[in-house]
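Chemist: Quick one: this structure, given as structure tokens, is what I'll be asking you about.
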Amino acid sequence: MLPFEERKRDPFITEKAYQEYLAAAERMFTDTRFAEDREQIKKDKKNDPAAARRVSSYRSMIFIEEPWVRYSSGDALEGVRERVKYAFEDLQRHKEAFPENDYKLWEPDAYYYIMMLMSWSVLFNLPECLDILIANISRDPEDGEDSFIYALFSALGVHDFPGKQAGLLHEDPYGMLYDSLAGSKEDQQRAMKAYLKRWYKSKAIRGCYWRERHSFKPSVHLGYWAFETGLLTVLNDLDDSSYRDMNFYPRDMVDYCKEQGWAKEVRERLQAMRGKQ
């Protein structure tokens, strides 16, 4: 394996942050407070339900952040994919234990997580994980409905997700990509480039907990990625040559998806689903 500084994908990630997250993930298995066992969670809920929910939520978050950091740090993608699979499994564990916990679309962090997890399910060819994600999103209109999320789920064959006429909860920056979906591939490619230029400065991303960590707390920096640009590149079979070297584009993840034959497989599977409607 190459030295850390040579292999890392995010320019701001540090080896200390990488090691911190590997250690944090290991603690989730060894520290008895962070139970994986369902029966232990039931006991914890009975004794102190609020505390049990907090530690369960934290465990779930760590297992989502870990593959994120591993990708930023340049880990081999087959290993990152295995950690993504476990992140979904643990998210399912958390939902089963605390069904009242869910992602609310009006929250910038929750919206980003939904976009990221949806992207991973496609880029790592894990369609079975999409149902886990959907189960973790609130369907209460009070928690937000969104036309872009609706459009993405619809493109992935999920047609009962609400929000078709809802408008956009986070116009800046997601409106750029949403508006481009009605255009040609060339329109979408131009929009992708403009989006990547705007993404980090946008209102929604400014509201996320992980933004700017590289400058004030680099030891817990996760990496900066607009994973949804990879999702749409694969789904819509876009030529990424005009933006593949731009900051925040998950180029290696997209390339890996194509190399494995998954990009074509995903599109063919979705085309077959549309043909059955």
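A note on labels: chains of the structure tokens are A, B, ... as shown, every chain counts residues from 1, and ligands are counted from 1 in their shown order.
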Segment 195-201 of chain A: which residues within 9 Å, counting only C-alpha atoms, same-chain residues fewer than 3 positions away excluded, as a PyMOL selection string?

Modeler: chain A and resi 172-174+176-177+190-192+204-206+211+224+226+229+243+246-249

Chemist: Nearest residue to Glu15 of chain A out of A:Val69, A:Met115, A:Ala263, A:Ile62, using only C-alpha atoms?

Modeler: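 Of A:Val69, A:Met115, A:Ala263, A:Ile62, the one nearest Glu15 of chain A is A:Val69, counting only C-alpha atoms.
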
Chemist: Going by DSSP on the backbone, which residues of segment 156-186 of chain A come out as helix (DSSP H, G or I)? List them as a list in words.

Modeler: Glu171, Asp172, Pro173, Tyr174, Gly175, Met176, Leu177, Tyr178, Asp179, Ser180, Lys185 and Glu186 of chain A

Chemist: Have a look at A:Leu123, A:Leu222, A:Leu168, A:Ala110 and name the one nearest to Arg9 of chain A; count only C-alpha atoms.

Modeler: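 Closest residue, counting only C-alpha atoms: A:Leu222.
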
Chemist: Given the choices A:Ala135, A:Ala182, A:Ala155, A:Ile64, which gets closest to Tyr21 of chain A if the distance is worked out from only C-alpha atoms?

Modeler: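 Among A:Ala135, A:Ala182, A:Ala155, A:Ile64, it is A:Ile64 that comes nearest to Tyr21 of chain A.
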